[in-house]
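Trainee: I'm passing along model-v4.txt; it holds compact mmCIF, C-alpha atoms.
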# COMPACT_ATOMS: atom_id res chain seq x y z
CA CYS I 1 0.00 0.00 0.00
CA LEU I 2 2.80 2.39 0.92
CA LEU I 3 4.62 1.99 -2.39
CA LEU I 4 1.43 2.13 -4.45
CA LEU I 5 0.36 5.36 -2.75
CA GLU I 6 3.81 6.85 -3.24
CA LYS I 7 3.43 6.19 -6.97
CA GLY I 8 0.03 7.89 -7.11
CA TYR I 9 -2.28 4.87 -7.19
CA ASN I 10 -5.73 4.87 -5.60
CA VAL I 11 -5.77 1.90 -3.21
CA ILE I 12 -8.52 -0.19 -1.63
CA ALA I 13 -7.18 -2.27 1.27
CA PHE I 14 -9.55 -5.17 1.95
CA ASP I 15 -8.74 -7.25 5.04
CA SER I 16 -10.48 -9.37 7.64
CA PHE I 17 -7.89 -8.20 10.21
CA GLU I 18 -7.94 -11.69 11.72
CA ASN I 19 -4.15 -11.82 11.69
CA SER I 20 -3.24 -8.17 11.18
CA SER I 21 -3.86 -4.69 12.55
CA ILE I 22 -5.55 -1.68 11.03
CA LYS I 23 -2.82 0.38 12.73
CA SER I 24 -0.37 -0.85 10.10
CA LEU I 25 -2.42 0.98 7.48
CA GLU I 26 -2.74 4.04 9.69
CA ASN I 27 1.05 4.02 9.96
CA VAL I 28 1.30 3.86 6.17
CA LYS I 29 -0.45 7.23 6.16
CA LYS I 30 1.92 8.48 8.89
CA ILE I 31 5.00 7.60 6.84
CA LEU I 32 3.60 9.42 3.84
CA GLU I 33 2.70 12.46 5.93
CA ILE I 34 6.29 12.56 7.20
CA LYS I 35 7.35 12.58 3.55
CA LYS I 36 4.92 15.47 2.96
CA LYS I 37 2.66 13.38 0.73
CA LYS I 38 -1.08 13.93 1.13
CA VAL I 39 -2.74 10.60 0.39
CA SER I 40 -5.63 10.22 2.84
CA ASP I 41 -8.15 10.48 0.00
CA ASN I 42 -6.26 7.87 -2.05
CA ILE I 43 -6.78 4.88 0.25
CA GLN I 44 -9.96 3.18 1.43
CA ILE I 45 -9.71 0.62 4.22
CA ILE I 46 -12.50 -1.95 4.17
CA LYS I 47 -13.01 -4.76 6.66
CA GLY I 48 -14.42 -7.90 5.08
CA ASP I 49 -13.86 -11.55 4.36
CA LEU I 50 -13.05 -13.21 1.04
CA LYS I 51 -15.04 -16.24 2.17
CA LYS I 52 -18.19 -14.07 2.00
CA LYS I 53 -19.19 -13.45 -1.61
CA VAL I 54 -21.31 -10.46 -0.65
CA ASP I 55 -18.30 -8.69 0.92
CA VAL I 56 -16.23 -9.12 -2.22
CA THR I 57 -19.00 -8.15 -4.64
CA GLU I 58 -19.77 -5.04 -2.63
CA ILE I 59 -16.25 -3.63 -3.17
CA PHE I 60 -16.48 -3.96 -6.94
CA GLU I 61 -20.06 -2.69 -7.02
CA ARG I 62 -19.28 0.37 -4.91
CA SER I 63 -16.22 1.23 -6.99
CA LEU I 64 -18.32 1.04 -10.14
CA LYS I 65 -21.01 3.24 -8.59
CA PHE I 66 -18.45 5.97 -7.90
CA ASN I 67 -17.16 5.67 -11.45
CA GLN I 68 -13.81 4.30 -10.25
CA PRO I 69 -13.88 0.67 -11.42
CA ILE I 70 -11.16 -1.52 -9.96
CA GLN I 71 -8.47 -1.98 -12.59
CA ALA I 72 -6.13 -4.47 -10.88
CA VAL I 73 -5.90 -6.69 -7.82
CA ILE I 74 -2.92 -7.71 -5.68
CA HIS I 75 -4.13 -10.83 -3.87
CA MET I 76 -2.21 -11.54 -0.65
CA ALA I 77 -4.98 -12.82 1.61
CA GLY I 78 -4.66 -16.29 3.08
CA LEU I 79 -3.45 -18.51 5.90
CA LYS I 80 0.27 -19.28 5.63
CA SER I 81 1.61 -21.66 8.29
CA VAL I 82 3.00 -24.96 7.03
CA LEU I 83 2.62 -26.61 10.46
CA GLU I 84 -0.92 -25.29 10.99
CA SER I 85 -1.96 -26.44 7.52
CA THR I 86 -0.74 -29.95 8.30
CA ASN I 87 -2.81 -30.05 11.49
CA ASP I 88 -5.90 -28.35 10.05
CA PRO I 89 -5.96 -28.72 6.26
CA LEU I 90 -9.67 -28.00 5.84
CA SER I 91 -9.38 -24.44 7.16
CA TYR I 92 -6.59 -23.85 4.64
CA TRP I 93 -8.62 -25.15 1.72
CA GLU I 94 -11.61 -23.08 2.81
CA ASN I 95 -9.73 -19.82 3.44
CA ASN I 96 -7.16 -19.91 0.69
CA THR I 97 -8.93 -21.68 -2.15
CA SER I 98 -12.61 -20.89 -1.61
CA GLY I 99 -11.84 -17.27 -0.77
CA SER I 100 -9.79 -16.93 -3.95
CA ILE I 101 -12.58 -18.36 -6.09
CA ASN I 102 -14.96 -15.72 -4.70
CA LEU I 103 -12.46 -13.01 -5.61
CA PHE I 104 -11.83 -14.33 -9.12
CA GLN I 105 -15.57 -14.65 -9.77
CA ALA I 106 -16.10 -11.01 -8.80
CA MET I 107 -13.16 -9.93 -10.96
CA LYS I 108 -14.61 -11.80 -13.93
CA ASN I 109 -18.09 -10.38 -13.38
CA TYR I 110 -16.77 -6.81 -13.21
CA GLU I 111 -14.29 -7.16 -16.09
CA CYS I 112 -11.24 -6.68 -13.87
CA LYS I 113 -8.75 -9.10 -15.40
CA THR I 114 -5.37 -7.97 -14.06
CA ILE I 115 -4.01 -9.70 -10.97
CA VAL I 116 -0.75 -10.17 -9.10
CA PHE I 117 -1.08 -13.24 -6.88
CA SER I 118 1.03 -14.00 -3.83
CA SER I 119 2.05 -17.60 -4.26
CA SER I 120 4.83 -19.43 -2.48
CA ALA I 121 8.02 -21.42 -2.92
CA THR I 122 6.16 -24.27 -1.19
CA VAL I 123 4.61 -25.13 -4.57
CA TYR I 124 7.96 -26.65 -5.66
CA GLU I 125 9.27 -30.14 -5.00
CA ASN I 126 12.41 -30.61 -2.88
CA SER I 127 15.65 -29.59 -4.54
CA LYS I 128 19.27 -29.17 -3.46
CA ASN I 129 19.82 -26.72 -6.32
CA LEU I 130 18.57 -23.20 -6.89
CA ILE I 131 14.87 -23.42 -7.74
CA ASN I 132 13.78 -21.88 -11.03
CA GLU I 133 10.26 -21.49 -12.36
CA ASP I 134 10.52 -24.67 -14.45
CA GLN I 135 11.09 -26.83 -11.38
CA GLU I 136 8.46 -29.54 -10.91
CA LEU I 137 5.48 -28.33 -8.92
CA LYS I 138 5.03 -30.84 -6.13
CA PRO I 139 4.11 -29.41 -2.71
CA VAL I 140 4.76 -31.50 0.40
CA ASN I 141 2.19 -29.84 2.70
CA PRO I 142 -1.44 -28.64 2.55
CA TYR I 143 -0.42 -24.96 2.53
CA GLY I 144 1.62 -25.51 -0.63
CA ASN I 145 -1.23 -27.56 -2.11
CA THR I 146 -3.66 -24.66 -1.68
CA LYS I 147 -1.23 -22.20 -3.30
CA LEU I 148 -0.71 -24.50 -6.28
CA SER I 149 -4.45 -25.05 -6.62
CA ILE I 150 -4.98 -21.28 -6.85
CA GLU I 151 -2.24 -21.04 -9.47
CA ASN I 152 -4.04 -23.77 -11.43
CA ILE I 153 -7.35 -21.90 -11.22
CA LEU I 154 -5.68 -18.73 -12.49
CA ASN I 155 -4.07 -20.69 -15.32
CA ASP I 156 -7.49 -22.05 -16.31
CA LEU I 157 -8.93 -18.53 -16.15
CA TYR I 158 -6.20 -17.27 -18.45
CA LEU I 159 -6.83 -20.08 -20.94
CA SER I 160 -10.57 -19.29 -20.88
CA ASP I 161 -9.95 -15.71 -22.05
CA SER I 162 -6.29 -15.31 -23.04
CA SER I 163 -6.91 -12.04 -24.86
CA LYS I 164 -7.83 -10.25 -21.61
CA TRP I 165 -6.34 -11.85 -18.49
CA ARG I 166 -3.05 -10.44 -17.26
CA ILE I 167 -1.72 -12.60 -14.41
CA VAL I 168 1.54 -12.71 -12.45
CA LEU I 169 2.15 -15.49 -9.94
CA LEU I 170 4.78 -14.32 -7.45
CA ARG I 171 6.34 -17.26 -5.66
CA TYR I 172 7.65 -15.84 -2.37
CA PHE I 173 10.57 -17.35 -0.60
CA ASN I 174 11.06 -16.11 3.01
CA PRO I 175 10.17 -12.44 3.65
CA ILE I 176 11.57 -10.93 6.86
CA GLY I 177 12.53 -7.48 8.18
CA ALA I 178 10.42 -4.34 8.43
CA HIS I 179 10.09 -0.83 7.05
CA PRO I 180 13.23 1.13 8.06
CA SER I 181 11.09 3.80 9.79
CA GLY I 182 10.07 1.27 12.44
CA LEU I 183 6.41 2.16 11.84
CA ILE I 184 5.41 -0.95 9.85
CA GLY I 185 6.46 -4.46 10.81
CA GLU I 186 5.38 -8.01 11.49
CA ASP I 187 2.83 -8.47 14.26
CA PRO I 188 0.94 -11.75 13.88
CA GLN I 189 -2.27 -11.85 15.91
CA SER I 190 -2.40 -15.64 15.96
CA LYS I 191 0.29 -18.12 17.02
CA VAL I 192 3.73 -17.16 15.76
CA ASN I 193 5.03 -19.86 13.42
CA ASN I 194 7.72 -18.09 11.37
CA ILE I 195 11.33 -17.97 12.57
CA PHE I 196 11.99 -14.23 12.38
CA PRO I 197 9.31 -12.92 14.77
CA LYS I 198 10.39 -15.68 17.16
CA ILE I 199 13.95 -14.36 17.00
CA THR I 200 12.83 -10.79 17.76
CA ASN I 201 10.59 -12.03 20.57
CA ALA I 202 13.53 -13.92 22.12
CA ALA I 203 15.86 -10.94 21.68
CA ILE I 204 13.52 -8.61 23.56
CA GLY I 205 12.71 -11.19 26.26
CA LEU I 206 9.09 -12.01 25.43
CA ILE I 207 10.02 -15.69 25.14
CA ASP I 208 12.85 -17.59 26.86
CA GLU I 209 14.23 -19.30 23.76
CA ILE I 210 13.41 -20.31 20.22
CA LYS I 211 13.12 -23.83 18.87
CA ILE I 212 15.10 -24.89 15.83
CA TYR I 213 13.36 -27.78 14.10
CA GLY I 214 16.06 -30.20 13.03
CA SER I 215 19.83 -30.26 13.55
CA ASP I 216 20.39 -33.15 11.15
CA TRP I 217 19.35 -31.73 7.80
CA PRO I 218 21.79 -32.39 4.91
CA THR I 219 23.24 -28.84 5.14
CA LYS I 220 26.57 -27.39 6.31
CA ASP I 221 25.48 -26.86 9.92
CA GLY I 222 22.54 -29.30 9.99
CA THR I 223 19.84 -26.62 10.12
CA GLY I 224 17.41 -25.79 7.33
CA VAL I 225 18.54 -23.38 4.62
CA ARG I 226 16.16 -20.72 3.32
CA ASP I 227 16.20 -17.72 1.00
CA TYR I 228 15.39 -14.71 3.20
CA ILE I 229 14.26 -11.58 1.38
CA HIS I 230 13.67 -8.12 2.85
CA VAL I 231 9.96 -7.30 2.95
CA MET I 232 10.66 -3.98 1.19
CA ASP I 233 12.35 -5.78 -1.71
CA LEU I 234 9.30 -8.05 -1.84
CA ALA I 235 6.94 -5.04 -1.93
CA GLU I 236 9.00 -3.44 -4.70
CA GLY I 237 8.76 -6.73 -6.61
CA HIS I 238 4.96 -6.46 -6.48
CA LEU I 239 4.99 -2.94 -7.85
CA SER I 240 7.35 -3.97 -10.64
CA ALA I 241 5.13 -6.97 -11.45
CA LEU I 242 2.00 -4.81 -11.56
CA ASN I 243 3.66 -2.25 -13.84
CA TYR I 244 5.00 -4.98 -16.11
CA ILE I 245 1.71 -6.83 -16.53
CA LYS I 246 -0.21 -3.59 -17.17
CA GLN I 247 2.22 -2.48 -19.89
CA ASN I 248 2.45 -5.78 -21.76
CA ASP I 249 0.10 -8.00 -23.73
CA PRO I 250 -2.17 -10.37 -21.76
CA LYS I 251 -0.28 -13.37 -20.39
CA ILE I 252 0.24 -15.52 -17.32
CA LEU I 253 3.70 -15.49 -15.79
CA ALA I 254 5.24 -17.17 -12.73
CA LEU I 255 8.20 -15.47 -11.05
CA ASN I 256 10.33 -16.26 -8.01
CA LEU I 257 10.85 -13.44 -5.51
CA GLY I 258 13.95 -14.24 -3.50
CA THR I 259 17.60 -13.20 -3.25
CA GLY I 260 19.21 -16.36 -4.62
CA ILE I 261 21.25 -16.63 -1.42
CA GLY I 262 20.78 -19.52 1.01
CA THR I 263 20.99 -18.82 4.75
CA SER I 264 20.78 -21.48 7.43
CA VAL I 265 18.69 -20.94 10.55
CA LEU I 266 21.86 -20.84 12.67
CA ASN I 267 23.45 -18.32 10.32
CA LEU I 268 20.35 -16.13 10.54
CA ILE I 269 20.47 -16.24 14.36
CA ASN I 270 24.21 -15.51 14.41
CA THR I 271 23.84 -12.57 12.02
CA PHE I 272 20.97 -11.13 14.08
CA GLU I 273 23.04 -11.43 17.27
CA ARG I 274 26.10 -9.82 15.66
CA VAL I 275 24.51 -6.81 13.95
CA ASN I 276 22.18 -6.00 16.86
CA ASN I 277 24.49 -6.96 19.75
CA VAL I 278 21.88 -9.20 21.41
CA ASN I 279 21.67 -12.80 22.55
CA ILE I 280 19.20 -15.34 21.11
CA PRO I 281 18.83 -18.48 23.26
CA PHE I 282 17.70 -21.55 21.29
CA LYS I 283 17.30 -25.30 21.52
CA PHE I 284 16.99 -28.01 18.91
CA GLU I 285 13.80 -29.98 18.37
CA SER I 286 13.00 -32.78 15.95
CA ARG I 287 12.11 -31.93 12.36
CA ARG I 288 8.60 -30.72 11.55
CA VAL I 289 6.35 -32.57 9.13
CA GLY I 290 6.19 -30.75 5.78
CA ASP I 291 9.56 -28.97 6.03
CA ASN I 292 12.34 -29.13 3.43
CA ALA I 293 16.11 -29.04 3.91
CA ILE I 294 17.00 -26.36 1.35
CA VAL I 295 14.73 -23.84 -0.39
CA VAL I 296 16.61 -21.14 -2.34
CA ALA I 297 15.42 -19.17 -5.36
CA ASP I 298 16.86 -18.78 -8.79
CA ASN I 299 15.59 -15.21 -9.20
CA SER I 300 17.14 -14.53 -12.61
CA LEU I 301 13.79 -14.53 -14.46
CA ALA I 302 12.26 -11.92 -12.13
CA LYS I 303 15.38 -9.77 -12.43
CA SER I 304 15.45 -9.87 -16.23
CA THR I 305 11.67 -9.58 -16.73
CA LEU I 306 10.78 -6.93 -14.17
CA ASN I 307 13.98 -4.91 -14.12
CA TRP I 308 13.92 -5.59 -10.38
CA GLU I 309 16.65 -6.69 -8.04
CA PRO I 310 16.83 -7.09 -4.24
CA GLN I 311 18.59 -4.04 -2.80
CA ARG I 312 18.95 -5.13 0.84
CA ASP I 313 21.08 -7.85 2.44
CA LEU I 314 20.64 -10.10 5.48
CA GLU I 315 22.16 -7.49 7.81
CA ASP I 316 19.59 -4.92 6.64
CA MET I 317 16.80 -7.43 7.29
CA CYS I 318 18.08 -8.04 10.83
CA LYS I 319 18.65 -4.33 11.61
CA ASP I 320 15.26 -3.20 10.30
CA GLY I 321 13.43 -6.09 11.97
CA TRP I 322 15.07 -5.32 15.31
CA ASN I 323 14.37 -1.59 14.96
CA TRP I 324 10.67 -2.41 14.49
CA LYS I 325 10.66 -4.67 17.56
CA LEU I 326 12.48 -2.17 19.78
CA THR I 327 10.11 0.60 18.72
CA ASN I 328 7.04 -1.66 19.08
CA PRO I 329 7.82 -4.37 21.66
CA ASN I 330 4.15 -5.42 21.75
CA GLY I 331 3.53 -4.89 18.06
CA TYR I 332 0.66 -2.56 17.20
CA LYS I 333 -1.04 -3.02 20.58
I need this file expressed as structure tokens, please.
Mentor:
Amino acid sequence: CLLLLEKGYNVIAFDSFENSSIKSLENVKKILEIKKKKVSDNIQIIKGDLKKKVDVTEIFERSLKFNQPIQAVIHMAGLKSVLESTNDPLSYWENNTSGSINLFQAMKNYECKTIVFSSSATVYENSKNLINEDQELKPVNPYGNTKLSIENILNDLYLSDSSKWRIVLLRYFNPIGAHPSGLIGEDPQSKVNNIFPKITNAAIGLIDEIKIYGSDWPTKDGTGVRDYIHVMDLAEGHLSALNYIKQNDPKILALNLGTGIGTSVLNLINTFERVNNVNIPFKFESRRVGDNAIVVADNSLAKSTLNWEPQRDLEDMCKDGWNWKLTNPNGYK
């Protein structure tokens, strides 16, 4: 939202706020006010649920009524915990897949056929090598299955009307960090499942230690290797994808958003401790069902197609994430 508003877009933010805070969007406005940009009239914040068709239809209908039809959608709504999806797959299929179908139906009905979809690296099969977009699609957990199913629906939609649909599937790797202002950051309302907010919680003393799942993976130090990308680089990737798909002929395109650099869990913890001069206690647990040893992006297609490249390194991610936590020890509360 921040980047879109900076570029002069009119934005509708639609969220159930089940796992987020409206204060994050209020802080978007704050950042822009600090930059002397008046954007209050350019963003509407609407509470609703993709699982409710009436909520979704109402947004498109209202926009049409005010003669401002929605021209493009960035779809990021969904549940995203691998572990949770393994324990409760039905809620993932209902939220992620059914909710998406409601959105796509409304888009079709209102002739809005441009979408950037937040997919995931979990759609790929296991690989020791850098993962490119041609890698076999073979998820190993329900979360990944729901993401791939949505990609398949979008592919079918494109084939049904290939002269109009413009679709980008952005396969995220591991976003971490925060906005450098310290005003926008990660504050999950439900159980924390990702490694980075656990690290910041341990650093500030909200939890005694973090658990590392697996010390016997086939990696240099035995811990899982991931491709961590700064959340600002990820956001810039979305803007680049939206601009690209608007300016080119209708097509469907899958792109990896990652850095191409693998970082082990231990290396992430060590880097965080070093750059922020803090201590992160941890202990090893057994591996989790649905996890992979190594997941690192080949991001060359995104770089060449979008004229986009990650600008921030692991130290930046750790500094900005810690700045957010120090400024907001209890998140947005």
Trainee: Please provide as a PyMOL selection string all residues within 10 Å of region 23-32 of chain I, with the sequence filter that same-chain residues fewer than 6 positions apart are discarded (counting all atoms listed in the file).
Mentor: chain I and resi 1-3+5-6+13+38-40+43-45+179+181-187+331-333
Trainee: Might you pull out every residue within 9 Å of Thr146 (chain I), with all atoms listed in the file counted and same-chain residues fewer than 4 positions away left off, and present them as a short mmCIF file (atom, residue, chain, number, x, y, z; two decimals) with C-alpha atoms, keeping the file's coordinate frame?
Mentor:
data_model
loop_
_atom_site.label_atom_id
_atom_site.label_comp_id
_atom_site.auth_asym_id
_atom_site.auth_seq_id
_atom_site.Cartn_x
_atom_site.Cartn_y
_atom_site.Cartn_z
CA TYR I 92 -6.59 -23.85 4.64
CA TRP I 93 -8.62 -25.15 1.72
CA ASN I 96 -7.16 -19.91 0.69
CA THR I 97 -8.93 -21.68 -2.15
CA VAL I 123 4.61 -25.13 -4.57
CA ASN I 141 2.19 -29.84 2.70
CA PRO I 142 -1.44 -28.64 2.55
CA ILE I 150 -4.98 -21.28 -6.85
CA GLU I 151 -2.24 -21.04 -9.47
#
Trainee: Please build the interface table for region 84-177 of chain I against region 263-273 of chain I with a cut-off of 12 Å, listing for each qualifying residue the nearest atom pair and the distance in Å to one decimal; count only C-alpha atoms, order rows by chain and increasing number, and write it as CSV.
Mentor:
residue,atom,partner,partner_atom,distance
I:Phe173,CA,I:Thr263,CA,11.8
I:Asn174,CA,I:Thr263,CA,10.4
I:Ile176,CA,I:Leu268,CA,10.8
I:Gly177,CA,I:Phe272,CA,10.9
Trainee: Find the distance between CA of Leu50 (chain I) and CA of Gly99 (chain I) and write it in Å to one decimal.
Mentor: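 CA of Gly99 (chain I) lies at a distance of 4.6 Å from CA of Leu50 (chain I).
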Trainee: Please list as a list in words every residue within 12 Å of Ile294 (chain I), counting all atoms listed in the file and excluding residues in the same chain fewer than 6 positions away.
Mentor: Ala121, Thr122, Tyr124, Glu125, Asn126, Ser127, Lys128, Asn129, Leu130, Ile131, Phe173, Asn174, Trp217, Pro218, Thr219, Lys220, Gly222, Thr223, Gly224, Val225, Arg226, Asp227, Tyr228, Gly260, Ile261, Gly262, Thr263, Ser264 and Val265 of chain I
Trainee: For CA of Ser85 (chain I) and CA of Phe284 (chain I), quote the distance in Å rounded to one decimal.
Mentor: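 Computing the Euclidean distance for CA of Ser85 (chain I) and CA of Phe284 (chain I) yields 22.2 Å.
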Trainee: For Trp165 (chain I), which residue out of I:Val116, I:Leu64, I:Leu79, I:Ile101 is the nearest one, using only C-alpha atoms?
Mentor: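 Of all the options, I:Val116 lies closest to Trp165 (chain I).
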Trainee: For CA of Leu159 (chain I) and CA of Ser98 (chain I), determine how far apart the two atoms are, in Å to one decimal place.
Mentor: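 It comes out at 20.2 Å.
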Trainee: Set the distance at 7 Å and use all atoms listed in the file: which residues neighbour Gly48 (chain I) once local chain neighbours fewer than 2 positions away are removed? I'd like the list as a JSON list (two decimals) with C-alpha atoms, in the frame of the given file.
Mentor:
[["chain", "number", "residue", "atom", "x", "y", "z"],
["I", 14, "PHE", "CA", -9.55, -5.17, 1.95],
["I", 15, "ASP", "CA", -8.74, -7.25, 5.04],
["I", 16, "SER", "CA", -10.48, -9.37, 7.64],
["I", 46, "ILE", "CA", -12.50, -1.95, 4.17],
["I", 50, "LEU", "CA", -13.05, -13.21, 1.04],
["I", 55, "ASP", "CA", -18.30, -8.69, 0.92]]
